[in-house]
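Shown below: target25.pdb, with PDB, C-alpha atoms.
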```pdb
ATOM      1  CA  MET E 267       0.000   0.000   0.000
ATOM      2  CA  SER E 268       1.400   3.417  -0.915
ATOM      3  CA  LYS E 269       2.047   6.020   1.763
ATOM      4  CA  SER E 270      -0.702   8.247   0.359
ATOM      5  CA  LYS E 271      -3.292   5.522   0.956
ATOM      6  CA  ALA E 272      -2.150   4.783   4.515
ATOM      7  CA  LYS E 273      -3.501   8.083   5.913
ATOM      8  CA  ARG E 274      -7.046   9.330   6.139
ATOM      9  CA  PRO E 275      -7.990  11.129   2.898
ATOM     10  CA  ILE E 276      -8.232  14.902   2.729
ATOM     11  CA  GLU E 277     -11.713  16.087   1.726
ATOM     12  CA  GLN E 278     -12.293  18.017  -1.493
ATOM     13  CA  ILE E 279     -15.394  19.047  -3.421
ATOM     14  CA  ALA E 280     -16.097  19.075  -7.160
ATOM     15  CA  ALA E 281     -18.787  20.131  -9.572
ATOM     16  CA  LEU E 282     -20.097  17.896 -12.327
ATOM     17  CA  PRO E 283     -21.142  20.566 -14.855
ATOM     18  CA  VAL E 284     -23.694  19.173 -17.314
ATOM     19  CA  HIS E 285     -26.069  20.285 -20.032
ATOM     20  CA  TRP E 286     -28.186  18.669 -22.708
ATOM     21  CA  ASP E 287     -27.080  19.205 -26.294
ATOM     22  CA  LYS E 288     -29.451  20.038 -29.158
ATOM     23  CA  ASN E 289     -30.106  16.293 -29.614
ATOM     24  CA  GLY E 290     -31.083  15.832 -25.969
ATOM     25  CA  LYS E 291     -27.873  14.000 -25.015
ATOM     26  CA  LEU E 292     -26.369  14.687 -21.601
ATOM     27  CA  ARG E 293     -22.896  16.246 -21.876
ATOM     28  CA  VAL E 294     -20.333  16.934 -19.170
ATOM     29  CA  LEU E 295     -17.943  19.897 -19.050
ATOM     30  CA  MET E 296     -14.377  19.045 -18.142
ATOM     31  CA  VAL E 297     -11.269  21.165 -17.709
ATOM     32  CA  THR E 298      -7.596  20.417 -18.025
ATOM     33  CA  SER E 299      -5.459  20.204 -14.917
ATOM     34  CA  ARG E 300      -2.790  22.862 -14.553
ATOM     35  CA  ASP E 301       0.043  20.398 -13.983
ATOM     36  CA  ARG E 302      -0.115  17.804 -16.759
ATOM     37  CA  GLY E 303      -3.139  18.884 -18.779
ATOM     38  CA  ARG E 304      -5.246  15.849 -17.750
ATOM     39  CA  TRP E 305      -9.033  16.094 -18.143
ATOM     40  CA  VAL E 306     -10.618  16.594 -14.707
ATOM     41  CA  MET E 307     -13.728  17.937 -12.992
ATOM     42  CA  PRO E 308     -13.570  21.467 -11.556
ATOM     43  CA  LYS E 309     -12.603  20.757  -7.956
ATOM     44  CA  GLY E 310     -10.897  22.182  -4.932
ATOM     45  CA  TRP E 311     -10.748  22.470  -1.188
ATOM     46  CA  GLN E 312     -13.731  23.075   1.026
ATOM     47  CA  MET E 313     -14.098  26.828   1.779
ATOM     48  CA  ASP E 314     -14.591  28.276   5.252
ATOM     49  CA  GLY E 315     -18.154  29.435   5.781
ATOM     50  CA  LYS E 316     -19.434  27.853   2.538
ATOM     51  CA  LYS E 317     -21.645  24.821   2.143
ATOM     52  CA  PRO E 318     -19.780  22.133   0.171
ATOM     53  CA  TRP E 319     -22.007  22.483  -2.910
ATOM     54  CA  ARG E 320     -21.486  26.262  -2.908
ATOM     55  CA  ALA E 321     -17.727  25.706  -2.844
ATOM     56  CA  ALA E 322     -18.113  23.316  -5.800
ATOM     57  CA  GLU E 323     -20.157  25.951  -7.629
ATOM     58  CA  ILE E 324     -17.372  28.505  -7.065
ATOM     59  CA  GLU E 325     -14.771  26.025  -8.380
ATOM     60  CA  ALA E 326     -16.867  25.501 -11.536
ATOM     61  CA  LEU E 327     -16.925  29.264 -12.096
ATOM     62  CA  GLU E 328     -13.218  29.802 -11.383
ATOM     63  CA  GLU E 329     -11.853  26.764 -13.240
ATOM     64  CA  ALA E 330     -14.347  26.424 -16.111
ATOM     65  CA  GLY E 331     -16.255  29.708 -16.297
ATOM     66  CA  ALA E 332     -19.472  27.728 -15.788
ATOM     67  CA  VAL E 333     -22.547  29.412 -14.342
ATOM     68  CA  GLY E 334     -25.670  27.458 -13.438
ATOM     69  CA  PHE E 335     -27.666  25.685 -10.781
ATOM     70  CA  ILE E 336     -25.929  23.234  -8.459
ATOM     71  CA  SER E 337     -27.523  20.445  -6.437
ATOM     72  CA  GLU E 338     -27.198  20.204  -2.682
ATOM     73  CA  THR E 339     -27.244  16.422  -3.179
ATOM     74  CA  ALA E 340     -23.919  14.753  -3.962
ATOM     75  CA  ILE E 341     -23.998  11.965  -6.528
ATOM     76  CA  GLY E 342     -20.927  10.190  -5.236
ATOM     77  CA  HIS E 343     -17.287  10.296  -4.226
ATOM     78  CA  TYR E 344     -13.985   9.410  -5.803
ATOM     79  CA  HIS E 345     -10.380   9.280  -4.640
ATOM     80  CA  TYR E 346      -7.150  10.430  -6.239
ATOM     81  CA  ASP E 347      -3.552  11.186  -5.286
ATOM     82  CA  LYS E 348      -2.917  14.944  -5.332
ATOM     83  CA  ARG E 349       0.645  16.019  -5.963
ATOM     84  CA  LEU E 350       1.590  18.926  -3.705
ATOM     85  CA  ASP E 351       3.998  21.729  -4.595
ATOM     86  CA  ASP E 352       6.770  20.008  -2.618
ATOM     87  CA  GLY E 353       6.335  16.839  -4.707
ATOM     88  CA  LYS E 354       4.611  14.810  -1.992
ATOM     89  CA  LYS E 355       1.309  13.076  -2.681
ATOM     90  CA  VAL E 356      -1.777  13.091  -0.487
ATOM     91  CA  LEU E 357      -4.883  10.984  -0.900
ATOM     92  CA  CYS E 358      -7.987  13.105  -1.513
ATOM     93  CA  ARG E 359     -11.635  12.070  -1.320
ATOM     94  CA  VAL E 360     -13.727  14.225  -3.658
ATOM     95  CA  THR E 361     -17.470  14.700  -3.190
ATOM     96  CA  LEU E 362     -19.167  15.344  -6.540
ATOM     97  CA  TYR E 363     -22.159  17.696  -6.939
ATOM     98  CA  PRO E 364     -24.057  17.874 -10.242
ATOM     99  CA  MET E 365     -24.545  21.324 -11.772
ATOM    100  CA  VAL E 366     -26.782  22.255 -14.705
ATOM    101  CA  VAL E 367     -24.870  24.883 -16.680
ATOM    102  CA  ASP E 368     -26.815  27.857 -18.026
ATOM    103  CA  THR E 369     -23.933  29.832 -19.509
ATOM    104  CA  LEU E 370     -20.198  29.706 -20.035
ATOM    105  CA  LYS E 371     -18.258  32.907 -19.496
ATOM    106  CA  ARG E 372     -15.892  33.976 -22.268
ATOM    107  CA  ARG E 373     -13.339  35.083 -19.700
ATOM    108  CA  TRP E 374     -12.946  33.488 -16.292
ATOM    109  CA  LYS E 375     -10.366  33.384 -13.506
ATOM    110  CA  GLU E 376      -8.320  30.412 -14.791
ATOM    111  CA  SER E 377      -8.996  30.780 -18.531
ATOM    112  CA  LYS E 378      -5.315  31.267 -19.297
ATOM    113  CA  GLN E 379      -4.347  28.151 -17.295
ATOM    114  CA  ARG E 380      -6.971  25.638 -18.443
ATOM    115  CA  LYS E 381      -8.887  24.419 -21.450
ATOM    116  CA  ARG E 382     -12.515  23.329 -21.205
ATOM    117  CA  HIS E 383     -14.598  21.036 -23.382
ATOM    118  CA  TRP E 384     -18.010  19.327 -23.427
ATOM    119  CA  PHE E 385     -17.855  15.526 -23.646
ATOM    120  CA  SER E 386     -20.331  12.678 -23.765
ATOM    121  CA  LEU E 387     -20.450  10.705 -20.526
ATOM    122  CA  LYS E 388     -18.788   7.722 -22.217
ATOM    123  CA  LYS E 389     -15.928   9.818 -23.592
ATOM    124  CA  ALA E 390     -15.466  11.620 -20.256
ATOM    125  CA  ALA E 391     -15.327   8.246 -18.477
ATOM    126  CA  ARG E 392     -12.543   7.146 -20.849
ATOM    127  CA  LEU E 393     -10.548  10.375 -20.470
ATOM    128  CA  VAL E 394     -10.328  10.660 -16.688
ATOM    129  CA  GLU E 395      -7.496   8.859 -14.887
ATOM    130  CA  GLU E 396      -9.408   8.267 -11.654
ATOM    131  CA  GLU E 397     -11.109   4.851 -11.856
ATOM    132  CA  GLU E 398     -13.818   5.735  -9.339
ATOM    133  CA  LEU E 399     -14.696   8.913 -11.256
ATOM    134  CA  SER E 400     -14.809   6.927 -14.474
ATOM    135  CA  SER E 401     -17.211   4.473 -12.826
ATOM    136  CA  LEU E 402     -19.417   7.345 -11.599
ATOM    137  CA  LEU E 403     -19.601   8.816 -15.100
ATOM    138  CA  LYS E 404     -20.489   5.415 -16.553
ATOM    139  CA  ALA E 405     -23.126   4.956 -13.840
ATOM    140  CA  LEU E 406     -24.846   8.154 -14.958
ATOM    141  CA  THR E 407     -25.723   6.421 -18.219
ATOM    142  CA  GLN E 408     -27.117   3.357 -16.409
ATOM    143  CA  ARG E 409     -28.521   4.254 -12.987
ATOM    144  CA  ASP E 410     -31.968   5.822 -12.817
ATOM    145  CA  ASP E 411     -31.379   7.208  -9.306
ATOM    146  CA  LEU E 412     -28.381   9.286 -10.462
ATOM    147  CA  ARG E 413     -30.075  10.432 -13.666
ATOM    148  CA  SER E 414     -33.178  11.473 -11.712
ATOM    149  CA  ILE E 415     -31.086  13.776  -9.468
ATOM    150  CA  ILE E 416     -29.779  15.553 -12.546
ATOM    151  CA  LYS E 417     -33.178  15.673 -14.264
ATOM    152  CA  GLU E 418     -34.764  17.147 -11.124
ATOM    153  CA  LEU E 419     -31.990  19.715 -11.067
ATOM    154  CA  ARG E 420     -32.725  20.644 -14.695
ATOM    155  CA  ASP E 421     -36.424  21.068 -13.869
ATOM    156  CA  VAL E 422     -35.631  23.424 -10.984
ATOM    157  CA  ALA E 423     -32.984  25.424 -12.858
TER     158      ALA E 423
END
```

Encoded form (structure tokens):
Amino acid sequence: MSKSKAKRPIEQIAALPVHWDKNGKLRVLMVTSRDRGRWVMPKGWQMDGKKPWRAAEIEALEEAGAVGFISETAIGHYHYDKRLDDGKKVLCRVTLYPMVVDTLKRRWKESKQRKRHWFSLKKAARLVEEEELSSLLKALTQRDDLRSIIKELRDVA
């Protein structure tokens, strides 16, 4: 077992920005990581005084320029090893909140550091390195309970 997995994971939050394309297919917005340019969800640390879903909403705005309606209900968790500035790795547990995107800003806080792109759920599941996140994305195409959370969110938005 690696050292990063021996300790209790550090909690993070993430948004799962989605929208339906003109053909009615659910698409997910992903951004590139700043370190290696991997495709990831907009995520970050919990913020003092903010509910976790609000922090995820802020991350979606800062990292992807996404504005929309976020659910207070998480659809799952995934783990990954975060590389710190000093080169060490820490295990993070990320709670994922779905967000229906209304608009994408042309300019946003990290626009010069990241790319963003809409993907099908299947393609997004293939692109991410985190196995648990890949499984969550695949589950969205198969599990009615997860799809219903997102559909309810769309109806409210």

Between E:Ala330, E:Ile415, E:Leu406, E:Val366, which residue has the minimum interatomic distance to E:Ser299, considering all atoms listed in the file?
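Result for the nearest residue to E:Ser299: E:Ala330.
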
Show me the residues close to (-32.4, 17.8, -11.4) - anything with an atom within 12 Å, counting all atoms listed in the file - and format the list as a PyMOL selection string.
chain E and resi 284-285+334-341+363-367+411-423

Return as JSON the centre and edge lengths, in Å with one decimal, of the box along x, y and z that encloses every atom of stretch 366-381 of chain E in the file, padded by 6 Å per side.
```
{"center_x": -15.6, "center_y": 28.7, "center_z": -17.9, "size_x": 34.5, "size_y": 24.8, "size_z": 20.8}
```

In Å, with one decimal, what is the gap from atom CA of E:Trp384 to atom CA of E:Lys316?
27.4 Å

Counting all atoms listed in the file, the option among E:Val306, E:Arg274, E:Asp351, E:Ser386 closest to E:Trp286:
E:Ser386

Suppose a student applies the PyMOL selection byres ((chain E and resi 329) around 7) to this structure; what residues should they get, written as a count of residues only?
9

Do you know which residues the PyMOL selection byres ((chain E and resi 279) around 12) returns on this file, as a PyMOL selection string?
chain E and resi 276-278+280-282+307-313+316-326+338+340-345+358-364

Residue nearest E:Val297 among E:Lys355, E:Arg380, E:Lys273, E:Lys404 (counting only C-alpha atoms)
E:Arg380

One-decimal distance in Å that lies between atom CA of E:Leu387 and atom CA of E:Gly303
19.2 Å

Repaired coordinates for stretch 374-385 of chain E (all heavy atoms) as an mmCIF file, in the frame of the given file:
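Contents of part.cif, as written:
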```
data_model
loop_
_atom_site.group_PDB
_atom_site.id
_atom_site.type_symbol
_atom_site.label_atom_id
_atom_site.label_comp_id
_atom_site.auth_asym_id
_atom_site.auth_seq_id
_atom_site.Cartn_x
_atom_site.Cartn_y
_atom_site.Cartn_z
ATOM 1 N N TRP E 374 -12.756 33.920 -17.678
ATOM 2 C CA TRP E 374 -12.946 33.488 -16.292
ATOM 3 C C TRP E 374 -11.584 33.425 -15.637
ATOM 4 O O TRP E 374 -10.556 33.537 -16.301
ATOM 5 C CB TRP E 374 -13.729 32.177 -16.218
ATOM 6 C CG TRP E 374 -13.015 30.961 -16.744
ATOM 7 C CD1 TRP E 374 -12.324 30.049 -15.996
ATOM 8 C CD2 TRP E 374 -12.900 30.521 -18.098
ATOM 9 N NE1 TRP E 374 -11.812 29.071 -16.811
ATOM 10 C CE2 TRP E 374 -12.143 29.332 -18.103
ATOM 11 C CE3 TRP E 374 -13.374 31.004 -19.316
ATOM 12 C CZ2 TRP E 374 -11.829 28.635 -19.271
ATOM 13 C CZ3 TRP E 374 -13.065 30.315 -20.472
ATOM 14 C CH2 TRP E 374 -12.308 29.140 -20.443
ATOM 15 N N LYS E 375 -11.582 33.262 -14.317
ATOM 16 C CA LYS E 375 -10.366 33.384 -13.506
ATOM 17 C C LYS E 375 -9.188 32.556 -14.036
ATOM 18 O O LYS E 375 -8.074 33.050 -14.121
ATOM 19 C CB LYS E 375 -10.682 33.011 -12.060
ATOM 20 C CG LYS E 375 -9.541 33.247 -11.106
ATOM 21 C CD LYS E 375 -9.944 32.984 -9.671
ATOM 22 C CE LYS E 375 -8.792 33.249 -8.731
ATOM 23 N NZ LYS E 375 -9.172 33.001 -7.339
ATOM 24 N N GLU E 376 -9.421 31.291 -14.387
ATOM 25 C CA GLU E 376 -8.320 30.412 -14.791
ATOM 26 C C GLU E 376 -8.307 30.121 -16.296
ATOM 27 O O GLU E 376 -7.742 29.128 -16.735
ATOM 28 C CB GLU E 376 -8.380 29.118 -13.976
ATOM 29 C CG GLU E 376 -8.176 29.381 -12.489
ATOM 30 C CD GLU E 376 -8.151 28.131 -11.636
ATOM 31 O OE1 GLU E 376 -8.002 27.015 -12.178
ATOM 32 O OE2 GLU E 376 -8.261 28.265 -10.400
ATOM 33 N N SER E 377 -8.885 31.019 -17.083
ATOM 34 C CA SER E 377 -8.996 30.780 -18.531
ATOM 35 C C SER E 377 -7.640 30.688 -19.231
ATOM 36 O O SER E 377 -7.532 30.018 -20.256
ATOM 37 C CB SER E 377 -9.850 31.856 -19.195
ATOM 38 O OG SER E 377 -9.266 33.138 -19.029
ATOM 39 N N LYS E 378 -6.642 31.329 -18.677
ATOM 40 C CA LYS E 378 -5.315 31.267 -19.297
ATOM 41 C C LYS E 378 -4.521 30.034 -18.844
ATOM 42 O O LYS E 378 -3.476 29.723 -19.392
ATOM 43 C CB LYS E 378 -4.528 32.538 -18.987
ATOM 44 C CG LYS E 378 -5.119 33.765 -19.667
ATOM 45 C CD LYS E 378 -4.205 34.948 -19.544
ATOM 46 C CE LYS E 378 -4.636 36.192 -20.252
ATOM 47 N NZ LYS E 378 -5.940 36.325 -20.759
ATOM 48 N N GLN E 379 -5.040 29.316 -17.843
ATOM 49 C CA GLN E 379 -4.347 28.151 -17.295
ATOM 50 C C GLN E 379 -4.981 26.827 -17.695
ATOM 51 O O GLN E 379 -4.371 25.775 -17.529
ATOM 52 C CB GLN E 379 -4.336 28.238 -15.764
ATOM 53 C CG GLN E 379 -3.647 29.483 -15.246
ATOM 54 C CD GLN E 379 -3.908 29.689 -13.768
ATOM 55 O OE1 GLN E 379 -5.002 29.456 -13.273
ATOM 56 N NE2 GLN E 379 -2.892 30.138 -13.058
ATOM 57 N N ARG E 380 -6.233 26.872 -18.172
ATOM 58 C CA ARG E 380 -6.971 25.638 -18.443
ATOM 59 C C ARG E 380 -7.725 25.726 -19.761
ATOM 60 O O ARG E 380 -8.104 26.803 -20.200
ATOM 61 C CB ARG E 380 -8.003 25.375 -17.339
ATOM 62 C CG ARG E 380 -7.420 25.208 -15.962
ATOM 63 C CD ARG E 380 -8.544 24.989 -14.957
ATOM 64 N NE ARG E 380 -8.074 24.995 -13.590
ATOM 65 C CZ ARG E 380 -7.625 23.937 -12.944
ATOM 66 N NH1 ARG E 380 -7.566 22.769 -13.543
ATOM 67 N NH2 ARG E 380 -7.228 24.023 -11.688
ATOM 68 N N LYS E 381 -7.964 24.544 -20.327
ATOM 69 C CA LYS E 381 -8.887 24.419 -21.450
ATOM 70 C C LYS E 381 -10.152 23.782 -20.905
ATOM 71 O O LYS E 381 -10.115 23.089 -19.883
ATOM 72 C CB LYS E 381 -8.296 23.522 -22.542
ATOM 73 C CG LYS E 381 -7.068 24.083 -23.189
ATOM 74 C CD LYS E 381 -6.509 23.105 -24.193
ATOM 75 C CE LYS E 381 -5.189 23.631 -24.733
ATOM 76 N NZ LYS E 381 -4.510 22.643 -25.561
ATOM 77 N N ARG E 382 -11.263 23.982 -21.593
ATOM 78 C CA ARG E 382 -12.515 23.329 -21.205
ATOM 79 C C ARG E 382 -13.154 22.748 -22.456
ATOM 80 O O ARG E 382 -12.949 23.237 -23.571
ATOM 81 C CB ARG E 382 -13.456 24.314 -20.513
ATOM 82 C CG ARG E 382 -13.940 25.414 -21.445
ATOM 83 C CD ARG E 382 -14.841 26.401 -20.741
ATOM 84 N NE ARG E 382 -15.211 27.453 -21.681
ATOM 85 C CZ ARG E 382 -15.740 28.599 -21.343
ATOM 86 N NH1 ARG E 382 -15.955 28.883 -20.075
ATOM 87 N NH2 ARG E 382 -16.055 29.487 -22.268
ATOM 88 N N HIS E 383 -13.949 21.687 -22.234
ATOM 89 C CA HIS E 383 -14.598 21.036 -23.382
ATOM 90 C C HIS E 383 -15.786 20.213 -22.896
ATOM 91 O O HIS E 383 -15.726 19.619 -21.820
ATOM 92 C CB HIS E 383 -13.599 20.134 -24.116
ATOM 93 C CG HIS E 383 -14.107 19.604 -25.407
ATOM 94 N ND1 HIS E 383 -14.184 20.375 -26.546
ATOM 95 C CD2 HIS E 383 -14.603 18.390 -25.722
ATOM 96 C CE1 HIS E 383 -14.687 19.632 -27.521
ATOM 97 N NE2 HIS E 383 -14.963 18.428 -27.047
ATOM 98 N N TRP E 384 -16.850 20.182 -23.709
ATOM 99 C CA TRP E 384 -18.010 19.327 -23.427
ATOM 100 C C TRP E 384 -17.752 17.943 -24.003
ATOM 101 O O TRP E 384 -17.323 17.816 -25.151
ATOM 102 C CB TRP E 384 -19.273 19.890 -24.086
ATOM 103 C CG TRP E 384 -19.785 21.148 -23.467
ATOM 104 C CD1 TRP E 384 -19.708 22.409 -23.985
ATOM 105 C CD2 TRP E 384 -20.472 21.272 -22.214
ATOM 106 N NE1 TRP E 384 -20.302 23.300 -23.140
ATOM 107 C CE2 TRP E 384 -20.781 22.630 -22.040
ATOM 108 C CE3 TRP E 384 -20.850 20.359 -21.231
ATOM 109 C CZ2 TRP E 384 -21.454 23.108 -20.919
ATOM 110 C CZ3 TRP E 384 -21.513 20.832 -20.113
ATOM 111 C CH2 TRP E 384 -21.822 22.188 -19.962
ATOM 112 N N PHE E 385 -18.029 16.908 -23.210
ATOM 113 C CA PHE E 385 -17.855 15.526 -23.646
ATOM 114 C C PHE E 385 -19.123 14.723 -23.360
ATOM 115 O O PHE E 385 -19.870 15.038 -22.435
ATOM 116 C CB PHE E 385 -16.703 14.847 -22.882
ATOM 117 C CG PHE E 385 -15.352 15.411 -23.174
ATOM 118 C CD1 PHE E 385 -14.741 16.276 -22.279
ATOM 119 C CD2 PHE E 385 -14.682 15.072 -24.342
ATOM 120 C CE1 PHE E 385 -13.478 16.791 -22.540
ATOM 121 C CE2 PHE E 385 -13.427 15.592 -24.612
ATOM 122 C CZ PHE E 385 -12.822 16.451 -23.714
#
```
